[in-house]
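Chemist: Coordinates in query.csv, CSV, C-alpha atoms, are listed below.
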chain,number,residue,atom,x,y,z
Z,1,MET,CA,-16.8,12.3,63.7
Z,2,PRO,CA,-19.7,9.8,63.9
Z,3,SER,CA,-22.6,10.9,65.9
Z,4,THR,CA,-23.3,9.2,69.3
Z,5,PRO,CA,-25.8,6.4,68.9
Z,6,SER,CA,-29.1,6.9,70.5
Z,7,PRO,CA,-32.0,4.7,71.4
Z,8,THR,CA,-34.2,4.1,68.4
Z,9,PRO,CA,-37.9,3.3,68.8
Z,10,ALA,CA,-40.3,2.1,66.2
Z,11,THR,CA,-41.0,5.7,65.3
Z,12,ALA,CA,-38.7,8.6,65.1
Z,13,ALA,CA,-41.2,11.5,65.2
Z,14,ALA,CA,-40.8,14.3,67.7
Z,15,PRO,CA,-43.2,14.5,70.7
Z,16,PRO,CA,-46.1,16.8,70.1
Z,17,ALA,CA,-45.5,20.2,71.8
Z,18,GLY,CA,-47.3,20.4,75.2
Z,19,ALA,CA,-48.6,16.9,75.0
Z,20,THR,CA,-48.9,15.0,78.3
Z,21,PRO,CA,-47.0,11.7,78.3
Z,22,LEU,CA,-49.0,8.6,78.7
Z,23,PHE,CA,-46.7,7.3,81.4
Z,24,ALA,CA,-45.0,9.4,84.1
Z,25,ARG,CA,-41.3,9.3,84.9
Z,26,ASP,CA,-40.6,6.6,87.6
Z,27,GLN,CA,-44.0,5.0,87.0
Z,28,VAL,CA,-43.8,1.2,87.5
Z,29,LEU,CA,-45.7,-1.0,85.1
Z,30,ASP,CA,-47.0,-4.4,86.4
Z,31,GLY,CA,-44.2,-4.4,89.0
Z,32,ASN,CA,-41.6,-5.0,86.3
Z,33,TYR,CA,-40.7,-1.9,84.3
Z,34,ARG,CA,-39.8,1.5,85.7
Z,35,ILE,CA,-40.3,4.4,83.2
Z,36,VAL,CA,-37.1,6.4,82.8
Z,37,ASP,CA,-38.0,8.9,80.1
Z,38,GLY,CA,-39.7,9.4,76.8
Z,39,ILE,CA,-37.8,8.5,73.6
Z,40,ALA,CA,-40.2,9.7,70.9
Z,41,ALA,CA,-43.8,10.2,70.1
Z,42,GLY,CA,-45.9,10.2,66.9
Z,43,GLY,CA,-49.4,10.5,65.7
Z,44,MET,CA,-50.3,6.9,66.8
Z,45,GLY,CA,-48.2,6.2,69.8
Z,46,GLU,CA,-45.3,6.9,72.1
Z,47,VAL,CA,-42.1,5.1,73.0
Z,48,PHE,CA,-40.5,5.2,76.5
Z,49,LEU,CA,-37.1,4.2,77.9
Z,50,ALA,CA,-37.6,1.8,80.8
Z,51,VAL,CA,-35.5,-0.4,83.1
Z,52,HIS,CA,-36.4,-3.8,84.4
Z,53,LEU,CA,-36.7,-3.8,88.2
Z,54,ARG,CA,-35.0,-7.2,88.8
Z,55,LEU,CA,-32.7,-7.5,85.8
Z,56,PRO,CA,-29.9,-5.1,84.8
Z,57,ARG,CA,-31.3,-4.2,81.4
Z,58,LYS,CA,-32.9,-1.3,79.6
Z,59,LEU,CA,-35.8,-1.8,77.2
Z,60,ALA,CA,-38.3,0.2,75.2
Z,61,ILE,CA,-42.0,0.5,76.0
Z,62,LYS,CA,-44.2,1.1,73.0
Z,63,THR,CA,-47.7,2.4,73.5
Z,64,LEU,CA,-50.8,3.5,71.6
Z,65,GLN,CA,-52.2,7.0,71.9
Z,66,PRO,CA,-55.6,7.2,73.7
Z,67,GLU,CA,-57.5,8.0,70.6
Z,68,PHE,CA,-56.2,4.9,68.9
Z,69,ALA,CA,-56.4,2.7,72.0
Z,70,SER,CA,-60.2,3.4,72.0
Z,71,ARG,CA,-60.6,2.1,68.4
Z,72,GLN,CA,-61.0,-1.6,68.0
Z,73,GLU,CA,-59.2,-1.8,64.7
Z,74,TRP,CA,-56.0,-0.2,66.0
Z,75,VAL,CA,-56.1,-2.2,69.3
Z,76,ALA,CA,-56.3,-5.4,67.2
Z,77,ARG,CA,-53.4,-4.3,65.0
Z,78,PHE,CA,-51.3,-3.4,68.0
Z,79,CYS,CA,-52.0,-6.7,69.6
Z,80,ARG,CA,-51.2,-8.5,66.4
Z,81,GLU,CA,-47.8,-6.7,66.2
Z,82,ALA,CA,-46.9,-8.2,69.6
Z,83,CYS,CA,-48.0,-11.7,68.5
Z,84,VAL,CA,-46.0,-11.4,65.2
Z,85,LEU,CA,-42.8,-10.2,66.9
Z,86,ALA,CA,-43.2,-12.9,69.6
Z,87,GLN,CA,-42.7,-15.6,67.0
Z,88,LEU,CA,-40.0,-14.0,64.9
Z,89,HIS,CA,-36.7,-14.9,66.5
Z,90,HIS,CA,-34.0,-13.5,64.3
Z,91,PRO,CA,-30.8,-11.4,65.1
Z,92,ASN,CA,-31.9,-8.8,62.5
Z,93,ILE,CA,-35.5,-8.4,63.8
Z,94,VAL,CA,-36.3,-6.3,66.9
Z,95,GLN,CA,-37.4,-8.7,69.7
Z,96,VAL,CA,-40.5,-8.3,71.8
Z,97,LEU,CA,-40.3,-9.1,75.5
Z,98,ASP,CA,-43.7,-8.6,76.9
Z,99,PHE,CA,-47.2,-7.4,76.2
Z,100,ASN,CA,-49.9,-6.1,78.5
Z,101,VAL,CA,-52.2,-3.3,79.4
Z,102,ALA,CA,-51.2,-0.6,82.0
Z,103,PRO,CA,-53.6,0.2,84.9
Z,104,ASN,CA,-54.8,3.3,83.1
Z,105,GLY,CA,-56.0,1.2,80.2
Z,106,VAL,CA,-53.1,1.9,77.8
Z,107,PRO,CA,-51.8,-1.2,75.9
Z,108,TYR,CA,-48.1,-1.5,75.7
Z,109,ILE,CA,-45.3,-3.7,74.2
Z,110,ALA,CA,-42.1,-4.2,76.1
Z,111,MET,CA,-39.3,-4.7,73.5
Z,112,GLU,CA,-35.6,-4.7,72.9
Z,113,LEU,CA,-34.0,-1.3,73.1
Z,114,ILE,CA,-31.9,-0.6,70.0
Z,115,GLU,CA,-28.9,1.6,70.2
Z,116,GLY,CA,-28.2,3.2,66.9
Z,117,LYS,CA,-29.5,5.3,64.0
Z,118,ASP,CA,-32.0,4.5,61.3
Z,119,LEU,CA,-31.2,4.8,57.7
Z,120,ARG,CA,-33.5,7.8,57.2
Z,121,ALA,CA,-31.6,9.7,59.8
Z,122,ALA,CA,-28.3,8.7,58.3
Z,123,LEU,CA,-29.4,9.8,54.8
Z,124,ASP,CA,-30.8,13.1,56.1
Z,125,ASP,CA,-27.4,13.7,57.7
Z,126,GLY,CA,-25.9,13.5,54.2
Z,127,ARG,CA,-24.2,10.1,54.7
Z,128,ARG,CA,-23.3,8.2,51.5
Z,129,PHE,CA,-22.8,4.5,52.1
Z,130,GLU,CA,-19.9,2.5,50.7
Z,131,ILE,CA,-20.8,-0.3,48.3
Z,132,ALA,CA,-19.6,-3.0,50.8
Z,133,GLU,CA,-21.8,-1.3,53.5
Z,134,ILE,CA,-24.8,-1.4,51.2
Z,135,VAL,CA,-24.3,-5.1,50.4
Z,136,SER,CA,-24.1,-5.9,54.1
Z,137,ILE,CA,-27.2,-3.9,54.9
Z,138,VAL,CA,-29.3,-5.4,52.1
Z,139,ARG,CA,-28.1,-9.0,53.0
Z,140,GLN,CA,-29.1,-8.5,56.6
Z,141,VAL,CA,-32.5,-7.0,55.8
Z,142,ALA,CA,-33.1,-9.8,53.3
Z,143,SER,CA,-32.3,-12.4,55.9
Z,144,ALA,CA,-34.7,-10.7,58.4
Z,145,LEU,CA,-37.5,-10.6,55.7
Z,146,ASP,CA,-36.9,-14.2,54.7
Z,147,ALA,CA,-37.4,-15.3,58.3
Z,148,ALA,CA,-40.6,-13.3,58.4
Z,149,HIS,CA,-41.8,-14.7,55.1
Z,150,THR,CA,-41.0,-18.3,56.3
Z,151,ALA,CA,-43.3,-17.6,59.2
Z,152,GLY,CA,-46.1,-16.4,57.0
Z,153,VAL,CA,-45.5,-12.7,57.7
Z,154,VAL,CA,-45.2,-9.8,55.2
Z,155,HIS,CA,-43.8,-6.6,56.7
Z,156,ARG,CA,-45.5,-4.2,54.2
Z,157,ASP,CA,-43.7,-1.1,55.5
Z,158,LEU,CA,-40.0,-1.5,54.8
Z,159,LYS,CA,-38.4,1.9,54.5
Z,160,PRO,CA,-35.3,3.7,55.7
Z,161,GLU,CA,-37.0,4.7,59.0
Z,162,ASN,CA,-37.6,1.0,59.8
Z,163,VAL,CA,-34.0,-0.2,59.3
Z,164,VAL,CA,-31.7,0.6,62.2
Z,165,LEU,CA,-27.9,0.3,62.2
Z,166,THR,CA,-26.6,-0.8,65.6
Z,167,PRO,CA,-22.9,-0.6,66.5
Z,168,ALA,CA,-21.1,-3.9,67.1
Z,169,ALA,CA,-17.5,-4.1,68.3
Z,170,GLY,CA,-15.1,-5.6,65.9
Z,171,GLN,CA,-17.6,-5.9,63.0
Z,172,ALA,CA,-19.9,-4.0,60.7
Z,173,PRO,CA,-23.0,-2.5,62.2
Z,174,VAL,CA,-25.8,-5.0,62.8
Z,175,VAL,CA,-29.1,-4.3,61.1
Z,176,LYS,CA,-32.4,-4.3,63.0
Z,177,VAL,CA,-35.7,-4.3,61.1
Z,178,ILE,CA,-38.4,-2.7,63.2
Z,179,ASP,CA,-42.0,-1.8,63.2
Z,180,PHE,CA,-44.2,-4.7,62.2
Z,181,GLY,CA,-47.4,-2.7,62.9
Z,182,LEU,CA,-48.6,-2.9,59.3
Z,183,SER,CA,-47.5,-6.5,58.8
Z,184,MET,CA,-49.9,-9.1,57.2
Z,185,CYS,CA,-50.0,-12.6,58.5
Z,186,GLY,CA,-51.2,-15.8,56.9
Z,187,TRP,CA,-52.6,-17.0,60.2
Z,188,SER,CA,-54.3,-13.7,61.3
Z,189,GLU,CA,-57.8,-12.3,60.6
Z,190,ARG,CA,-58.0,-9.1,58.6
Z,191,VAL,CA,-58.2,-5.9,60.7
Z,192,THR,CA,-58.8,-3.5,57.7
Z,193,ALA,CA,-60.9,-3.6,54.6
Z,194,ASP,CA,-59.6,-5.2,51.4
Z,195,CYS,CA,-59.4,-1.8,49.7
Z,196,SER,CA,-57.4,-0.1,52.5
Z,197,ILE,CA,-53.9,1.1,51.5
Z,198,PHE,CA,-51.2,1.2,54.2
Z,199,GLY,CA,-47.5,1.8,53.8
Z,200,THR,CA,-45.1,4.5,52.5
Z,201,PRO,CA,-45.7,5.5,48.9
Z,202,ASP,CA,-42.0,5.7,47.9
Z,203,TYR,CA,-41.5,2.0,48.8
Z,204,MET,CA,-44.9,0.4,48.0
Z,205,ALA,CA,-45.2,-2.2,45.4
Z,206,PRO,CA,-47.9,-1.8,42.7
Z,207,GLU,CA,-50.2,-4.4,44.3
Z,208,GLN,CA,-49.9,-2.7,47.6
Z,209,ALA,CA,-50.5,0.7,46.1
Z,210,GLN,CA,-53.7,-0.5,44.6
Z,211,GLY,CA,-54.9,-2.1,47.8
Z,212,LEU,CA,-54.8,-5.6,46.4
Z,213,ARG,CA,-54.3,-7.5,49.7
Z,214,ASP,CA,-54.8,-10.9,48.2
Z,215,GLN,CA,-51.8,-10.3,45.9
Z,216,THR,CA,-49.5,-9.1,48.7
Z,217,ASP,CA,-46.8,-11.5,49.6
Z,218,GLY,CA,-43.0,-11.7,50.2
Z,219,ARG,CA,-42.4,-10.3,46.7
Z,220,THR,CA,-44.1,-7.1,47.9
Z,221,ASP,CA,-41.4,-6.7,50.5
Z,222,GLN,CA,-38.8,-7.5,47.8
Z,223,PHE,CA,-40.0,-4.5,45.8
Z,224,ALA,CA,-39.6,-2.3,48.9
Z,225,LEU,CA,-36.1,-3.7,49.5
Z,226,ALA,CA,-35.1,-3.0,45.9
Z,227,ALA,CA,-36.4,0.6,46.3
Z,228,LEU,CA,-34.5,0.9,49.5
Z,229,THR,CA,-31.3,-0.4,47.8
Z,230,TYR,CA,-31.9,2.2,45.0
Z,231,THR,CA,-32.1,4.9,47.7
Z,232,LEU,CA,-28.8,3.8,49.4
Z,233,LEU,CA,-27.0,3.7,46.0
Z,234,SER,CA,-28.3,7.0,44.6
Z,235,GLY,CA,-29.4,9.1,47.6
Z,236,ARG,CA,-32.9,9.5,46.2
Z,237,THR,CA,-36.1,7.4,45.8
Z,238,PRO,CA,-36.8,5.6,42.5
Z,239,PHE,CA,-40.2,7.2,42.0
Z,240,ALA,CA,-39.6,10.7,43.3
Z,241,ARG,CA,-42.6,13.0,42.7
Z,242,GLU,CA,-44.1,16.0,44.5
Z,243,THR,CA,-47.2,14.4,46.0
Z,244,PRO,CA,-48.0,11.0,47.4
Z,245,VAL,CA,-50.7,10.5,44.8
Z,246,ALA,CA,-48.2,11.2,42.0
Z,247,ILE,CA,-45.8,8.7,43.6
Z,248,LEU,CA,-48.5,6.0,43.7
Z,249,TYR,CA,-49.4,6.6,40.1
Z,250,ALA,CA,-45.7,6.3,39.1
Z,251,VAL,CA,-45.3,3.1,41.1
Z,252,VAL,CA,-48.3,1.5,39.3
Z,253,HIS,CA,-47.7,2.8,35.8
Z,254,GLU,CA,-44.1,3.8,35.3
Z,255,GLU,CA,-40.6,2.5,35.5
Z,256,PRO,CA,-38.2,3.6,38.2
Z,257,ALA,CA,-35.8,6.4,37.3
Z,258,ALA,CA,-32.4,5.5,35.9
Z,259,LEU,CA,-29.8,5.1,38.6
Z,260,GLY,CA,-27.5,7.6,36.8
Z,261,SER,CA,-23.8,7.7,36.3
Z,262,VAL,CA,-21.4,6.4,39.0
Z,263,ASP,CA,-17.7,6.9,39.4
Z,264,GLY,CA,-15.4,4.0,38.7
Z,265,TRP,CA,-17.8,1.2,37.9
Z,266,ASP,CA,-20.6,0.2,35.5
Z,267,ALA,CA,-24.1,0.6,36.9
Z,268,ALA,CA,-25.9,-1.3,34.1
Z,269,PRO,CA,-25.8,-4.7,35.8
Z,270,VAL,CA,-27.1,-3.2,39.0
Z,271,GLU,CA,-29.9,-1.4,37.1
Z,272,ARG,CA,-31.1,-4.7,35.7
Z,273,VAL,CA,-31.3,-6.3,39.1
Z,274,LEU,CA,-33.1,-3.3,40.6
Z,275,ARG,CA,-35.6,-3.1,37.8
Z,276,LYS,CA,-36.3,-6.8,38.2
Z,277,GLY,CA,-36.7,-6.4,42.0
Z,278,MET,CA,-39.1,-3.5,41.3
Z,279,ALA,CA,-41.0,-5.1,38.4
Z,280,ARG,CA,-44.6,-4.1,38.2
Z,281,GLU,CA,-45.7,-7.7,38.0
Z,282,ARG,CA,-44.9,-9.9,41.0
Z,283,ASP,CA,-44.0,-12.9,38.9
Z,284,ASP,CA,-41.3,-10.9,37.1
Z,285,ARG,CA,-39.4,-10.3,40.3
Z,286,PHE,CA,-36.9,-12.6,42.0
Z,287,PRO,CA,-38.3,-15.7,43.7
Z,288,SER,CA,-37.2,-14.5,47.1
Z,289,VAL,CA,-35.6,-11.6,48.9
Z,290,LEU,CA,-32.5,-13.7,49.4
Z,291,ALA,CA,-32.3,-14.3,45.6
Z,292,PHE,CA,-32.5,-10.5,45.1
Z,293,ALA,CA,-29.6,-10.0,47.6
Z,294,ASP,CA,-27.5,-12.7,45.7
Z,295,ALA,CA,-28.2,-11.1,42.4
Z,296,LEU,CA,-27.4,-7.6,43.7
Z,297,GLU,CA,-24.0,-8.7,44.9
Z,298,ALA,CA,-23.2,-10.5,41.7
Z,299,SER,CA,-24.2,-7.5,39.7
Z,300,LEU,CA,-21.9,-5.2,41.7
Z,301,VAL,CA,-19.0,-7.6,41.1
Z,302,GLU,CA,-19.9,-7.7,37.4
Z,303,GLY,CA,-19.9,-3.9,37.2
Z,304,GLY,CA,-16.6,-3.5,39.0
Z,305,ALA,CA,-18.0,-1.9,42.2
Z,306,LEU,CA,-16.9,-4.9,44.3
Z,307,SER,CA,-13.6,-6.7,43.6
Z,308,ARG,CA,-15.1,-10.1,44.6
Z,309,PRO,CA,-18.3,-11.5,46.3
Z,310,THR,CA,-18.4,-11.2,50.0
Z,311,THR,CA,-20.7,-14.2,50.7
Z,312,ALA,CA,-20.5,-17.9,50.1
Z,313,ALA,CA,-23.8,-17.9,48.3
Z,314,SER,CA,-22.5,-15.4,45.7
Z,315,LEU,CA,-19.5,-17.6,45.0
Z,316,GLN,CA,-21.6,-20.5,43.8
Z,317,LEU,CA,-22.2,-21.2,40.2
Z,318,PRO,CA,-25.8,-20.5,39.1
Z,319,SER,CA,-26.5,-24.2,38.4
Z,320,ALA,CA,-25.2,-25.2,41.8
Z,321,ARG,CA,-27.2,-22.5,43.5
Z,322,ALA,CA,-30.3,-23.7,41.7
Z,323,ASP,CA,-29.7,-27.3,42.7
Z,324,SER,CA,-29.1,-26.3,46.4
Z,325,THR,CA,-32.4,-24.4,46.5
Z,326,ALA,CA,-34.5,-27.1,44.8
Z,327,PRO,CA,-35.8,-28.7,48.0
Z,328,ARG,CA,-36.3,-25.3,49.6
Z,329,ALA,CA,-40.1,-25.3,49.6
Z,330,PRO,CA,-40.7,-28.4,51.7
Z,331,ARG,CA,-37.8,-27.4,54.1
Z,332,ARG,CA,-39.4,-24.0,54.6
Z,333,ARG,CA,-42.6,-25.7,55.5
Z,334,HIS,CA,-40.8,-27.7,58.3
Z,335,VAL,CA,-39.2,-24.5,59.5
Z,336,VAL,CA,-42.6,-22.9,59.8
Z,337,VAL,CA,-43.8,-25.8,61.9
Z,338,ARG,CA,-40.8,-25.9,64.2
Z,339,ARG,CA,-41.1,-22.1,64.8
Z,340,GLY,CA,-44.8,-22.4,65.2
Z,341,VAL,CA,-44.6,-24.6,68.3
Z,342,PRO,CA,-42.9,-22.0,70.5
Z,343,ALA,CA,-45.1,-19.4,68.9
Z,344,LEU,CA,-48.1,-21.3,70.2
Z,345,ILE,CA,-46.6,-21.4,73.6
Z,346,VAL,CA,-45.8,-17.7,73.6
Z,347,SER,CA,-49.3,-16.9,72.3
Z,348,ALA,CA,-50.9,-19.1,75.0
Z,349,LEU,CA,-48.9,-17.4,77.7
Z,350,ILE,CA,-49.9,-14.0,76.4
Z,351,ALA,CA,-53.5,-15.0,76.1
Z,352,GLY,CA,-53.5,-16.4,79.7
Z,353,ALA,CA,-51.9,-13.3,81.1
Z,354,LEU,CA,-54.4,-11.1,79.4
Z,355,TRP,CA,-57.3,-13.3,80.3
Z,356,THR,CA,-56.5,-13.3,84.0
Z,357,GLY,CA,-55.0,-9.9,84.3
Z,358,PHE,CA,-57.1,-7.5,82.3
Z,359,GLY,CA,-60.5,-7.9,83.8
Z,360,GLY,CA,-59.6,-6.7,87.3
Z,361,ALA,CA,-57.1,-4.1,86.4
Z,362,PRO,CA,-58.0,-0.8,88.1
Z,363,ARG,CA,-58.1,2.4,86.0
Z,364,LEU,CA,-56.1,5.2,87.7
Z,365,ASP,CA,-57.4,8.1,85.6
Z,366,GLY,CA,-59.8,9.0,82.9
Z,367,THR,CA,-57.4,8.9,80.0
Z,368,LEU,CA,-59.4,6.5,78.0
Z,369,GLY,CA,-62.8,6.6,79.6
Z,370,ALA,CA,-65.4,3.9,79.0
Z,371,GLY,CA,-63.5,2.8,75.8
Z,372,SER,CA,-60.7,1.4,77.8
Z,373,ARG,CA,-62.9,-1.1,79.6
Z,374,ALA,CA,-64.4,-2.2,76.3
Z,375,ASN,CA,-61.0,-2.6,74.7
Z,376,VAL,CA,-59.7,-4.7,77.5
Z,377,SER,CA,-62.2,-7.3,76.4
Z,378,VAL,CA,-61.4,-6.7,72.7
Z,379,MET,CA,-57.7,-7.2,73.2
Z,380,ARG,CA,-58.2,-10.3,75.2
Z,381,ASP,CA,-60.4,-11.7,72.5
Z,382,GLU,CA,-57.9,-10.6,69.8
Z,383,VAL,CA,-55.1,-12.6,71.4
Z,384,SER,CA,-57.2,-15.6,71.7
Z,385,THR,CA,-58.2,-15.2,68.1
Z,386,GLN,CA,-54.6,-14.9,66.9
Z,387,TRP,CA,-53.7,-18.1,68.9
Z,388,LYS,CA,-56.6,-19.9,67.3
Z,389,HIS,CA,-55.7,-18.9,63.7
Z,390,LEU,CA,-52.0,-19.7,64.3
Z,391,HIS,CA,-53.1,-23.2,65.6
Z,392,GLN,CA,-55.3,-23.7,62.5
Z,393,PHE,CA,-52.4,-22.5,60.2
Z,394,LEU,CA,-50.1,-25.1,61.7
Z,395,GLY,CA,-52.7,-27.9,61.9
Z,396,PRO,CA,-51.8,-31.4,63.0
Z,397,ARG,CA,-48.2,-31.0,61.9
Z,398,SER,CA,-47.3,-29.5,65.3
Z,399,THR,CA,-47.1,-33.1,66.6
Z,400,THR,CA,-44.6,-34.0,63.9
Z,401,ALA,CA,-42.6,-31.0,64.7
Z,402,THR,CA,-42.3,-32.0,68.3
Z,403,ALA,CA,-41.2,-35.5,67.3
Z,404,ASN,CA,-38.6,-34.1,65.0
Z,405,THR,CA,-37.1,-31.8,67.6
Z,406,ASN,CA,-36.9,-34.6,70.1
Z,407,GLY,CA,-35.3,-37.0,67.7
Z,408,GLY,CA,-31.8,-36.1,68.6
Z,409,GLY,CA,-30.9,-34.7,65.2
Z,410,GLN,CA,-30.0,-31.2,64.2
Z,411,PRO,CA,-33.1,-29.4,62.7
Kindly transcribe the structure held in the file into structure tokens.

Modeler:
Amino acid sequence: MPSTPSPTPATAAAPPAGATPLFARDQVLDGNYRIVDGIAAGGMGEVFLAVHLRLPRKLAIKTLQPEFASRQEWVARFCREACVLAQLHHPNIVQVLDFNVAPNGVPYIAMELIEGKDLRAALDDGRRFEIAEIVSIVRQVASALDAAHTAGVVHRDLKPENVVLTPAAGQAPVVKVIDFGLSMCGWSERVTADCSIFGTPDYMAPEQAQGLRDQTDGRTDQFALAALTYTLLSGRTPFARETPVAILYAVVHEEPAALGSVDGWDAAPVERVLRKGMARERDDRFPSVLAFADALEASLVEGGALSRPTTAASLQLPSARADSTAPRAPRRRHVVVRRGVPALIVSALIAGALWTGFGGAPRLDGTLGAGSRANVSVMRDEVSTQWKHLHQFLGPRSTTATANTNGGGQP
């Protein structure tokens, strides 16, 4: 019997024993959100279940722990996550609804509440996914990542914990990619040193494992998606070792473990696709995450795991697919511009709200001390900075984008 779906936050860690929640039950934030209960807590933050006071909907409230809310780097990263999610409108990406600072100085993000179970929980429960399920999951994750890459965002922390399966009546579960807290943006200032390493070792590409930020791009997420696919097919990680350091060494210097024998079909074509997706050199990987998803499905058909392709893209001949993707680069540039205009508006609204609302917000307790007052200014400046860099990233093309969307044609 399948387990009952439960709300899934951006982290699935258990609350620390005896810890005092940052928000009390029935506390109202900014006259909009009433806290119902805690969902989960981890080392860096907590997630609460809340309800909107004027609309019949539930949502999740994600916060930073006080010790991180008093550190400028983590405040900036938290603020950037809100700005990133505000511009990524995709059915397979968790949606952000609001961003503000509570009266006690705790920053929070109000976001879509996801009902379901993440892949890590499913794997830990011993679930083995059918091939058709894996194809669907990989396709949806690739679609979400492609939307992020089009907007100049690299996730950098794709792993089973950050992929949630949400039940959908009459169809396969819908995938939601969550937790963009470690994402990297082309329009954002750096908030960590070049040599800093962030991510999960089992799913980190070699360039990420070595802290090579300037070499991190969409192909870095492709490596993680290939490693995730390997895990779904085999039930284990491709570079399983006893320590994180040993895993990182294997990622940089060794090949992934063989997929192993499978029942009823030939795994060799899939192995070739996975090894290409996890190639140590970025240029040896597929040109995009969607190309990886196409190749994976084709290899499963070739190996006999699927009777036929399930998507129109996989039914096309290679030459036709190449021809259809030839003008992709300029088209993607226009998509970035069109998406950038609403992103500017959203960022401007967030910046305006923070600018007018933070300065006079009273502090109800001593949770954060003097650091909270300092970080109110830091967060306000950070949002303004993100807006400025996004504007510079788009440049004068935003005027063209407005003209295109008003021209009466379908974008």

Chemist: Please identify all polymer residues within 7 Å of Phe68 (chain Z), counting all atoms listed in the file, omitting same-chain residues fewer than 4 positions from it, and present them as a ChimeraX atom specification.

Modeler: /Z:44,64,74

Chemist: Tell me which protein, DNA and RNA residues are within 7 Å of region 80-93 of chain Z, counting all atoms listed in the file, leaving out same-chain ones fewer than 5 positions away, and put them as a PDB file with C-alpha atoms, keeping the file's coordinate frame.

Modeler:
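Done, and the output landed in around.pdb:
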ATOM      1  CA  PHE Z  99     -47.200  -7.400  76.200  1.00  0.00           C
ATOM      2  CA  ILE Z 109     -45.300  -3.700  74.200  1.00  0.00           C
ATOM      3  CA  GLN Z 140     -29.100  -8.500  56.600  1.00  0.00           C
ATOM      4  CA  VAL Z 141     -32.500  -7.000  55.800  1.00  0.00           C
ATOM      5  CA  ALA Z 144     -34.700 -10.700  58.400  1.00  0.00           C
ATOM      6  CA  ALA Z 148     -40.600 -13.300  58.400  1.00  0.00           C
ATOM      7  CA  VAL Z 175     -29.100  -4.300  61.100  1.00  0.00           C
ATOM      8  CA  LYS Z 176     -32.400  -4.300  63.000  1.00  0.00           C
ATOM      9  CA  VAL Z 177     -35.700  -4.300  61.100  1.00  0.00           C
ATOM     10  CA  ILE Z 178     -38.400  -2.700  63.200  1.00  0.00           C
ATOM     11  CA  PHE Z 180     -44.200  -4.700  62.200  1.00  0.00           C
ATOM     12  CA  GLY Z 181     -47.400  -2.700  62.900  1.00  0.00           C
ATOM     13  CA  ALA Z 343     -45.100 -19.400  68.900  1.00  0.00           C
ATOM     14  CA  VAL Z 346     -45.800 -17.700  73.600  1.00  0.00           C
ATOM     15  CA  SER Z 347     -49.300 -16.900  72.300  1.00  0.00           C
TER      16      SER Z 347
END

Chemist: So which one's closest to Gly42 (chain Z), Z:Thr166, Z:Arg128, Z:Val270, Z:Pro21? Using only C-alpha atoms, please.

Modeler: Z:Pro21

Chemist: How many Å lie between CA of Ala291 (chain Z) and CA of Ser261 (chain Z), rounded to one decimal?

Modeler: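 Spanning CA of Ala291 (chain Z) to CA of Ser261 (chain Z) is a straight-line distance of 25.4 Å.
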
Chemist: Would you mind listing what lies within 7 Å of Asp157 (chain Z) as a PyMOL selection string, with all atoms listed in the file counted and same-chain residues fewer than 3 positions away left out?

Modeler: chain Z and resi 182+199-200

Chemist: Can you pull out the residues contacting region 220-230 of chain Z? Cut-off 10 Å, using all atoms listed in the file, and skip same-chain residues under 4 positions away; I want them as number ranges by chain.

Modeler: Z: 119, 134-135, 137-138, 141-142, 145-146, 149, 154-160, 163, 200-208, 215-216, 234-239, 256-259, 270-271, 273-280, 282, 285-293, 296

Chemist: What does the structure give for the distance between CA of Ala40 (chain Z) and CA of Ala168 (chain Z), in Å to one decimal?

Modeler: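 Interatomic distance, CA of Ala40 (chain Z) to CA of Ala168 (chain Z): 23.8 Å.
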
Chemist: To one decimal place, how far is CA of Ser307 (chain Z) from CA of Arg139 (chain Z) in Å?

Modeler: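 CA of Ser307 (chain Z) sits 17.4 Å away from CA of Arg139 (chain Z).
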
Chemist: List every protein, DNA or RNA residue that has an atom no more than 8 Å from (-41.4, -3.8, 83.1) in the file's coordinate frame, counting only C-alpha atoms, and report them as a ChimeraX atom specification.

Modeler: /Z:28-34,50-53,110

Chemist: So, counting all atoms listed in the file, which residue among Z:Pro167, Z:Gly211, Z:Ile131, Z:Glu254 is closest to Leu300 (chain Z)?

Modeler: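 Of all the options, Z:Ile131 lies closest to Leu300 (chain Z).
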
Chemist: Counting all atoms listed in the file, figure out which residue out of Z:Ala209, Z:Leu49, Z:Leu123, Z:Ala41 gets nearest to Gln65 (chain Z).

Modeler: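 Counting all atoms listed in the file, the residue closest to Gln65 (chain Z) is Z:Ala41.
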